[in-house]
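Have a look at start22.cif; it's mmCIF, C-alpha atoms and all ligand atoms:
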data_coords
loop_
_atom_site.label_atom_id
_atom_site.label_comp_id
_atom_site.auth_asym_id
_atom_site.auth_seq_id
_atom_site.Cartn_x
_atom_site.Cartn_y
_atom_site.Cartn_z
CA MET A 1 1.69 3.60 24.56
CA LYS A 2 5.34 2.93 23.88
CA ILE A 3 5.13 4.33 20.35
CA LEU A 4 2.68 7.06 19.43
CA ALA A 5 2.87 8.96 16.14
CA HIS A 6 0.62 11.64 14.68
CA GLY A 7 0.78 12.77 11.08
CA LEU A 8 4.39 11.66 10.76
CA THR A 9 5.69 12.95 7.42
CA LYS A 10 9.02 12.99 5.60
CA ASP A 11 9.89 14.70 2.35
CA TYR A 12 13.18 14.19 0.54
CA GLY A 13 13.16 17.27 -1.65
CA ASN A 14 10.00 16.92 -3.71
CA ASN A 15 9.61 13.25 -2.93
CA ARG A 16 7.19 12.53 -0.07
CA ALA A 17 8.49 9.29 1.46
CA VAL A 18 6.11 9.13 4.45
CA ASN A 19 2.74 10.81 4.24
CA GLY A 20 1.26 11.73 7.60
CA ILE A 21 0.98 8.36 9.30
CA ASP A 22 -0.52 7.68 12.73
CA LEU A 23 0.76 4.83 14.85
CA SER A 24 0.08 3.52 18.32
CA VAL A 25 2.06 0.50 19.43
CA ASP A 26 2.30 -1.01 22.89
CA ASN A 27 3.67 -4.28 24.32
CA GLU A 28 3.34 -6.16 21.06
CA VAL A 29 5.21 -7.18 17.95
CA TYR A 30 4.14 -4.61 15.35
CA GLY A 31 5.11 -5.39 11.76
CA LEU A 32 5.45 -2.60 9.21
CA LEU A 33 4.99 -4.05 5.72
CA GLY A 34 5.29 -2.45 2.32
CA PRO A 35 7.01 -2.69 -1.06
CA ASN A 36 10.55 -1.47 -1.65
CA GLY A 37 10.63 2.30 -1.31
CA SER A 38 7.26 2.58 0.47
CA GLY A 39 8.84 4.39 3.43
CA LYS A 40 9.50 1.71 6.07
CA THR A 41 13.13 2.60 6.81
CA THR A 42 12.32 6.30 6.69
CA THR A 43 9.57 5.77 9.28
CA VAL A 44 11.92 3.84 11.55
CA SER A 45 14.64 6.48 11.09
CA MET A 46 12.27 9.18 12.31
CA LEU A 47 11.00 7.14 15.26
CA THR A 48 14.58 6.40 16.33
CA THR A 49 15.58 10.11 16.09
CA LEU A 50 18.08 9.51 13.28
CA MET A 51 16.05 11.70 10.97
CA ARG A 52 13.85 14.72 11.64
CA PRO A 53 10.27 14.53 10.38
CA THR A 54 9.19 17.17 7.88
CA ALA A 55 5.88 17.35 9.73
CA GLY A 56 4.00 15.54 12.45
CA SER A 57 5.20 14.21 15.77
CA ALA A 58 5.96 11.05 17.67
CA VAL A 59 6.47 10.04 21.25
CA ILE A 60 8.55 7.00 22.29
CA CYS A 61 8.14 5.81 25.91
CA GLY A 62 6.59 9.18 26.67
CA HIS A 63 9.44 11.20 25.15
CA ASP A 64 9.11 13.46 22.13
CA ILE A 65 11.39 12.49 19.21
CA ALA A 66 11.98 16.13 18.31
CA THR A 67 12.58 17.73 21.69
CA GLU A 68 13.76 14.85 23.89
CA GLN A 69 16.09 12.93 21.61
CA SER A 70 18.46 11.66 24.28
CA ALA A 71 15.60 10.39 26.46
CA VAL A 72 14.19 8.58 23.42
CA ARG A 73 17.55 6.98 22.67
CA GLU A 74 17.85 6.00 26.31
CA CYS A 75 14.76 3.77 26.18
CA MET A 76 15.12 2.08 22.81
CA SER A 77 17.52 0.12 20.61
CA TYR A 78 17.66 -0.04 16.86
CA VAL A 79 19.05 -2.75 14.60
CA PRO A 80 19.25 -1.14 11.13
CA GLN A 81 18.60 -2.86 7.83
CA ASP A 82 22.26 -2.96 6.85
CA MET A 83 24.02 -3.09 10.16
CA ALA A 84 27.25 -5.02 10.24
CA VAL A 85 29.14 -6.58 13.09
CA ASP A 86 32.88 -5.89 13.19
CA ILE A 87 34.46 -9.08 11.88
CA ARG A 88 37.85 -8.23 13.39
CA MET A 89 36.38 -8.51 16.88
CA THR A 90 34.99 -11.42 18.85
CA GLY A 91 31.30 -11.70 19.64
CA ARG A 92 31.87 -10.52 23.20
CA GLU A 93 33.98 -7.55 22.06
CA ASN A 94 31.27 -6.52 19.63
CA VAL A 95 28.63 -6.55 22.35
CA ASP A 96 30.97 -4.79 24.79
CA PHE A 97 31.63 -2.13 22.16
CA PHE A 98 27.89 -1.41 22.05
CA ALA A 99 27.64 -1.40 25.82
CA ARG A 100 30.29 1.36 25.84
CA LEU A 101 28.46 3.21 23.07
CA TYR A 102 25.33 3.12 25.20
CA GLY A 103 27.35 4.70 28.00
CA ILE A 104 27.36 1.86 30.52
CA ARG A 105 30.47 2.98 32.40
CA ASP A 106 30.48 0.73 35.44
CA ARG A 107 32.74 -2.19 34.53
CA HIS A 108 30.89 -4.84 36.54
CA GLU A 109 27.50 -3.69 35.33
CA ARG A 110 28.78 -3.65 31.77
CA ARG A 111 30.21 -7.16 32.02
CA ARG A 112 27.00 -8.49 33.53
CA ARG A 113 24.88 -6.97 30.77
CA VAL A 114 27.20 -8.20 28.02
CA GLU A 115 27.16 -11.75 29.41
CA ASP A 116 23.37 -11.62 29.82
CA ALA A 117 22.84 -10.43 26.25
CA LEU A 118 25.15 -13.13 24.87
CA GLU A 119 23.40 -15.74 27.00
CA ILE A 120 19.90 -14.66 25.90
CA MET A 121 20.88 -14.91 22.24
CA ASN A 122 22.57 -18.25 22.88
CA LEU A 123 26.02 -17.02 21.86
CA SER A 124 27.99 -17.58 25.07
CA ASP A 125 29.76 -20.66 23.71
CA ARG A 126 31.11 -18.79 20.72
CA ALA A 127 31.62 -15.42 22.41
CA ASP A 128 35.42 -15.57 22.18
CA ASP A 129 35.49 -16.47 18.49
CA LEU A 130 36.10 -13.79 15.89
CA THR A 131 32.75 -12.95 14.34
CA LYS A 132 34.37 -13.44 10.94
CA GLY A 133 33.60 -17.13 11.41
CA TYR A 134 29.96 -16.63 12.43
CA SER A 135 27.13 -17.78 10.16
CA GLY A 136 24.54 -15.26 8.93
CA GLY A 137 22.11 -16.39 11.62
CA MET A 138 24.71 -16.00 14.36
CA ARG A 139 25.61 -12.51 13.16
CA ARG A 140 21.97 -11.52 13.26
CA ARG A 141 21.72 -12.92 16.78
CA LEU A 142 24.81 -10.93 17.69
CA GLU A 143 23.19 -7.77 16.37
CA LEU A 144 20.21 -8.49 18.61
CA ALA A 145 22.57 -9.07 21.55
CA GLN A 146 24.17 -5.70 20.82
CA ALA A 147 20.73 -4.10 20.93
CA LEU A 148 19.74 -5.95 24.13
CA VAL A 149 22.75 -4.85 26.13
CA HIS A 150 20.97 -1.50 26.36
CA GLN A 151 17.94 -3.17 28.01
CA PRO A 152 15.54 -1.35 25.70
CA GLU A 153 11.83 -0.90 26.37
CA VAL A 154 11.31 -0.60 22.63
CA LEU A 155 13.29 -2.48 20.01
CA PHE A 156 13.27 -1.39 16.36
CA LEU A 157 14.31 -4.03 13.84
CA ASP A 158 14.59 -3.27 10.13
CA GLU A 159 14.23 -6.52 8.16
CA PRO A 160 15.75 -8.82 10.77
CA THR A 161 15.46 -12.06 8.79
CA VAL A 162 16.69 -10.99 5.37
CA GLY A 163 19.30 -13.34 3.93
CA LEU A 164 18.73 -16.08 6.51
CA ASP A 165 17.78 -19.70 5.92
CA VAL A 166 14.42 -21.08 7.07
CA ALA A 167 15.66 -22.41 10.41
CA ALA A 168 17.59 -19.23 11.25
CA ARG A 169 14.55 -17.11 10.36
CA ARG A 170 12.37 -19.08 12.68
CA SER A 171 14.93 -18.88 15.43
CA ILE A 172 15.23 -15.07 15.11
CA TRP A 173 11.43 -14.72 15.25
CA GLU A 174 11.27 -16.95 18.31
CA TYR A 175 13.78 -14.68 20.05
CA ILE A 176 11.71 -11.67 19.01
CA VAL A 177 8.48 -13.13 20.39
CA ASN A 178 10.29 -14.12 23.57
CA LEU A 179 11.51 -10.57 24.08
CA LYS A 180 7.95 -9.36 23.59
CA ASN A 181 6.75 -11.83 26.21
CA HIS A 182 9.28 -10.28 28.57
CA GLY A 183 7.81 -6.82 28.07
CA VAL A 184 9.84 -5.42 25.15
CA THR A 185 7.77 -3.62 22.53
CA ILE A 186 8.97 -4.66 19.07
CA PHE A 187 8.60 -2.58 15.91
CA VAL A 188 9.78 -4.61 12.96
CA THR A 189 9.79 -4.13 9.20
CA THR A 190 9.69 -7.14 6.91
CA HIS A 191 8.94 -8.34 3.40
CA GLN A 192 8.10 -11.84 4.62
CA MET A 193 4.29 -12.02 4.68
CA ASP A 194 4.20 -15.55 6.06
CA GLU A 195 6.47 -14.55 8.95
CA ALA A 196 4.47 -11.39 9.66
CA GLU A 197 1.24 -13.40 9.65
CA ARG A 198 2.66 -15.87 12.10
CA TYR A 199 4.66 -13.73 14.50
CA CYS A 200 3.30 -10.17 14.47
CA ASP A 201 0.47 -9.21 16.81
CA ARG A 202 -0.50 -6.42 14.42
CA VAL A 203 0.71 -5.23 11.06
CA GLY A 204 0.52 -1.97 9.17
CA ILE A 205 0.80 -1.85 5.40
CA LEU A 206 2.56 1.11 3.77
CA LYS A 207 1.93 2.07 0.17
CA LYS A 208 3.99 4.96 -1.17
CA GLY A 209 4.18 6.56 2.25
CA ASP A 210 0.51 6.01 3.20
CA LEU A 211 -0.57 3.57 5.87
CA VAL A 212 -3.30 1.91 3.81
CA ASN A 213 -4.22 -0.99 6.08
CA GLU A 214 -3.63 -1.97 9.68
CA GLY A 215 -4.77 -4.68 12.05
CA VAL A 216 -4.38 -8.11 13.58
CA PRO A 217 -3.30 -10.48 10.77
CA SER A 218 -6.15 -12.94 11.40
CA ASP A 219 -8.70 -10.08 11.39
CA LEU A 220 -7.32 -8.77 8.11
CA THR A 221 -7.43 -12.17 6.46
CA SER A 222 -10.86 -13.06 7.85
CA GLN A 223 -12.26 -9.89 6.27
CA MET A 224 -11.23 -11.35 2.93
CA LYS A 225 -13.27 -14.02 1.25
CA SER A 226 -12.09 -17.57 0.66
CA VAL A 227 -11.32 -18.56 -2.87
CA ILE A 228 -12.91 -21.67 -4.40
CA THR A 229 -11.63 -23.11 -7.67
CA ILE A 230 -13.47 -25.95 -9.45
CA ARG A 231 -12.45 -27.67 -12.67
CA THR A 232 -15.30 -29.24 -14.65
CA ASP A 233 -15.98 -30.90 -18.01
CA SER A 234 -18.48 -28.17 -18.93
CA HIS A 235 -17.57 -25.18 -21.06
CA ALA A 236 -21.05 -23.67 -20.78
CA PRO A 237 -21.40 -20.77 -18.34
CA LEU A 238 -22.99 -21.50 -14.97
CA LYS A 239 -26.69 -20.68 -14.79
CA GLU A 240 -26.87 -19.88 -11.10
CA LEU A 241 -24.78 -19.65 -7.94
CA PRO A 242 -25.47 -20.64 -4.31
CA GLU A 243 -26.20 -17.94 -1.67
CA GLY A 244 -23.18 -15.91 -0.59
CA VAL A 245 -21.03 -16.93 -3.54
CA ALA A 246 -19.65 -14.43 -6.05
CA LEU A 247 -18.27 -15.34 -9.43
CA VAL A 248 -14.68 -14.31 -10.19
CA ARG A 249 -14.39 -16.11 -13.49
CA ASP A 250 -15.87 -19.02 -15.44
CA GLU A 251 -13.67 -19.97 -18.39
CA ASN A 252 -12.78 -23.18 -20.20
CA GLY A 253 -14.32 -25.35 -17.51
CA GLU A 254 -12.57 -23.59 -14.66
CA ILE A 255 -14.86 -21.81 -12.25
CA MET A 256 -13.42 -19.47 -9.64
CA VAL A 257 -15.66 -17.96 -6.99
CA THR A 258 -15.23 -16.20 -3.70
CA SER A 259 -17.37 -16.89 -0.71
CA ASP A 260 -17.79 -15.69 2.85
CA ASN A 261 -17.53 -19.24 4.08
CA GLY A 262 -15.63 -21.66 1.86
CA SER A 263 -16.37 -24.78 3.88
CA GLU A 264 -20.13 -24.24 3.44
CA SER A 265 -20.08 -22.94 -0.09
CA LEU A 266 -17.99 -25.68 -1.65
CA PRO A 267 -20.53 -28.48 -0.96
CA ALA A 268 -23.30 -26.15 -2.16
CA MET A 269 -21.38 -25.50 -5.37
CA LEU A 270 -20.72 -29.20 -5.92
CA ALA A 271 -24.40 -30.06 -5.34
CA LEU A 272 -25.45 -27.40 -7.83
CA LEU A 273 -23.04 -28.69 -10.49
CA ASN A 274 -24.21 -32.23 -9.82
CA ASP A 275 -27.85 -31.17 -10.33
CA GLU A 276 -26.88 -29.66 -13.67
CA GLY A 277 -25.16 -32.91 -14.66
CA ILE A 278 -21.72 -31.33 -14.81
CA LYS A 279 -18.75 -33.52 -13.96
CA VAL A 280 -16.21 -32.11 -11.48
CA TYR A 281 -12.52 -33.00 -11.96
CA SER A 282 -11.09 -31.17 -8.97
CA SER A 283 -11.97 -28.56 -6.39
CA THR A 284 -9.95 -26.49 -3.95
CA VAL A 285 -10.81 -24.01 -1.22
CA ARG A 286 -8.10 -21.62 -0.21
CA GLU A 287 -8.35 -19.39 2.83
CA PRO A 288 -6.90 -15.94 2.21
CA THR A 289 -3.44 -15.28 3.60
CA LEU A 290 -1.81 -12.05 4.72
CA GLU A 291 -0.09 -12.02 1.35
CA ASP A 292 -3.52 -11.78 -0.34
CA VAL A 293 -4.40 -8.87 1.97
CA TYR A 294 -1.04 -7.26 1.25
CA LEU A 295 -1.35 -7.59 -2.53
CA GLN A 296 -4.87 -6.25 -2.41
CA SER A 297 -3.70 -3.31 -0.28
CA VAL A 298 -0.66 -2.28 -2.30
CA GLY A 299 -1.61 -3.55 -5.75
CA LYS A 300 0.40 -6.15 -7.62
CA MET A 301 2.63 -3.64 -9.39
CA ASN A 302 3.58 -1.19 -6.73
CA SER A 303 7.21 -1.53 -5.91
CA ASP A 304 9.92 0.88 -6.99
CA SER A 305 11.76 -2.19 -8.28
CA ASP A 306 9.08 -2.82 -10.89
CA GLY A 307 9.47 -1.90 -14.52
CA PHE A 308 12.58 -3.52 -16.00
CA ASN A 309 14.09 -1.00 -18.41
CA GLN A 310 14.57 -3.20 -21.45
CA LYS A 311 16.05 -0.48 -23.61
CA GLN A 312 18.64 0.60 -21.08
CA PHE A 313 19.63 -3.04 -20.58
CA GLU A 314 20.11 -3.54 -24.30
CA ASN A 315 22.25 -0.40 -24.44
CA MET A 316 24.36 -1.67 -21.62
CA MET A 317 24.88 -5.07 -23.23
CA ARG A 318 25.81 -3.40 -26.50
CA ARG A 319 28.53 -1.35 -24.81
CA ARG A 320 30.28 -4.44 -23.43
N1 LIG B 1 18.38 9.55 2.23
C1 LIG B 1 17.48 9.66 1.24
N2 LIG B 1 17.49 10.69 0.38
C2 LIG B 1 16.56 10.79 -0.60
N3 LIG B 1 15.55 9.94 -0.79
C3 LIG B 1 15.49 8.88 0.03
C4 LIG B 1 16.45 8.69 1.10
N4 LIG B 1 16.11 7.54 1.76
C5 LIG B 1 15.01 7.07 1.14
N5 LIG B 1 14.63 7.84 0.12
C6 LIG B 1 13.44 7.64 -0.74
O1 LIG B 1 12.31 7.61 0.10
C7 LIG B 1 11.40 6.58 -0.28
C8 LIG B 1 11.22 5.61 0.86
O2 LIG B 1 12.44 4.91 1.08
P1 LIG B 1 12.65 3.90 2.29
O3 LIG B 1 14.08 3.51 2.29
O4 LIG B 1 12.09 4.48 3.52
O5 LIG B 1 11.75 2.68 1.81
P2 LIG B 1 11.65 1.20 2.41
O6 LIG B 1 10.19 0.91 2.55
O7 LIG B 1 12.51 1.06 3.62
O8 LIG B 1 12.23 0.31 1.21
P3 LIG B 1 13.00 -1.12 1.27
O9 LIG B 1 11.93 -2.14 1.43
O10 LIG B 1 13.63 -1.21 -0.06
O11 LIG B 1 13.98 -1.08 2.39
C9 LIG B 1 11.99 5.98 -1.55
O12 LIG B 1 11.40 6.62 -2.64
C10 LIG B 1 13.47 6.32 -1.45
O13 LIG B 1 14.03 6.43 -2.73
MG MG B 2 14.11 -0.18 4.11
#
If you took the structure in this file and wrote it as structure tokens, what would it be?
Ligand SMILES: Nc1ncnc2c1ncn2[C@@H]1O[C@H](COP(=O)(O)OP(=O)(O)OP(=O)(O)O)[C@@H](O)[C@H]1O
Ligand SMILES: [Mg+2]
Amino acid sequence: MKILAHGLTKDYGNNRAVNGIDLSVDNEVYGLLGPNGSGKTTTVSMLTTLMRPTAGSAVICGHDIATEQSAVRECMSYVPQDMAVDIRMTGRENVDFFARLYGIRDRHERRRRVEDALEIMNLSDRADDLTKGYSGGMRRRLELAQALVHQPEVLFLDEPTVGLDVAARRSIWEYIVNLKNHGVTIFVTTHQMDEAERYCDRVGILKKGDLVNEGVPSDLTSQMKSVITIRTDSHAPLKELPEGVALVRDENGEIMVTSDNGSESLPAMLALLNDEGIKVYSSTVREPTLEDVYLQSVGKMNSDSDGFNQKQFENMMRRR
């Protein structure tokens, strides 16, 4: 296992940010999901030795985060949530700066690694330009190049696609998956459920510091039922339901049910309505997505950004 954690816990004063989580991650893209303030960055900070756990332990590439910090740092790279490239330097200078930080002293070795990292992230052409002129996507790629110059076995990425357009997001994820295919273990946090579903081998869902759900995205979604919605001309409640179908609601002609197998249950539902002489206007079957799993796991109102303080806002506007 490249990442192994037991009962990892962090308190900030009286606030428990991470509550005894267990992790085991190896040669995969592992996505840590969770609302704002659920403890993702705190978890990554502990695993990368930037912050000491209050309790529990973790081992990265066989090295203990508490007692072998330099060995841990030796085998991994970390791209923080709010990392910035130095806009007064060129792309190459930025990567070289990191190579020096990582202690690569041999000049030839350092140059080779810098050129390799730039090449991998497809930045060689623009390596001599000041990064001031780089797009958001290029800057993110440069941050990855900075991390790669260290040739990490484990790469920690905190929200790598935030603020990027659709094409740049996809490109970053393709680089991430490629690195995984070349043996790098990736631990990534994200708020993008669709991206996690598509690119992560496994995900863990944090809710207020607890790891409340974990698994392969397709396993998590297949454990959820498909959702069938049918609009009809009948306002009378349904008298019966086919096998394996559960009613969610039946109001004003709109029937919503869940079923273990939507593609079998929809025809059964339609046949039943037909027998009862009810006219169907439209019907949809939706397979559950990782976002459905996520919302079910964390609850719809479970972010520290919830709860707009109306009164405070009015006070503020009054003071203008
Ligand atoms: N340095 C700190 N000192 C005190 N409390 C902190 C500190 N860093 C984080 N916290 C608190 O710990 C909890 C977890 O924060 P953390 O930044 O780990 O969440 P997150 O999941 O990364 O959120 P986001 O999605 O917004 O990045 C929050 O309640 C936060 O306010
Ligand atoms: Mg964070």
Test item: residues no farther than 10 Å from ligand MG 2 (chain B), counting only C-alpha atoms and all ligand atoms, as a VMD selection string: chain A and resid 34 to 45 80 to 82 158 to 159 189 to 191
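Using all atoms listed in the file, the nearest neighbour of Pro217 in chain A within the list A:Leu23, A:Leu4, A:Leu238, A:Leu33 is A:Leu33.
Distances to ligand LIG 1 (chain B) were evaluated for A:Val162, A:Ala145, A:Val203, A:Val227 using all atoms listed in the file, and the minimum falls at A:Val162.
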Neighbour list for range 84-97 of chain A as JSON, numbers by chain, cut-off 7 Å, all atoms listed in the file, skip fewer than 4 positions in-chain: {"A": [101, 114, 127, 128, 129, 130, 131, 132, 139, 142, 143, 145, 146]}
Output the selection as an mmCIF file, in the frame of the given file - C-alpha atoms for each residue.
data_model
loop_
_atom_site.group_PDB
_atom_site.id
_atom_site.type_symbol
_atom_site.label_atom_id
_atom_site.label_comp_id
_atom_site.auth_asym_id
_atom_site.auth_seq_id
_atom_site.Cartn_x
_atom_site.Cartn_y
_atom_site.Cartn_z
ATOM 1 C CA LEU A 101 28.460 3.210 23.070
ATOM 2 C CA VAL A 114 27.200 -8.200 28.020
ATOM 3 C CA ALA A 127 31.620 -15.420 22.410
ATOM 4 C CA ASP A 128 35.420 -15.570 22.180
ATOM 5 C CA ASP A 129 35.490 -16.470 18.490
ATOM 6 C CA LEU A 130 36.100 -13.790 15.890
ATOM 7 C CA THR A 131 32.750 -12.950 14.340
ATOM 8 C CA LYS A 132 34.370 -13.440 10.940
ATOM 9 C CA ARG A 139 25.610 -12.510 13.160
ATOM 10 C CA LEU A 142 24.810 -10.930 17.690
ATOM 11 C CA GLU A 143 23.190 -7.770 16.370
ATOM 12 C CA ALA A 145 22.570 -9.070 21.550
ATOM 13 C CA GLN A 146 24.170 -5.700 20.820
#
Length of the CA of Ile3 in chain A to CA of Gly62 in chain A vector [Å]: 8.1 Å
Length of the CA of Leu272 in chain A to CA of Glu240 in chain A vector [Å]: 8.3 Å
For Val25 in chain A: contacts at 9 Å, all atoms listed in the file, fewer than 2 positions along chain excluded, given as a PyMOL selection string: chain A and resi 1-4+23+27-30+185-187+202
For Leu266 in chain A: contacts at 12 Å, all atoms listed in the file, fewer than 3 positions along chain excluded, given as a ChimeraX atom specification: /A:226-230,241-245,255-263,269-273,280,282-286
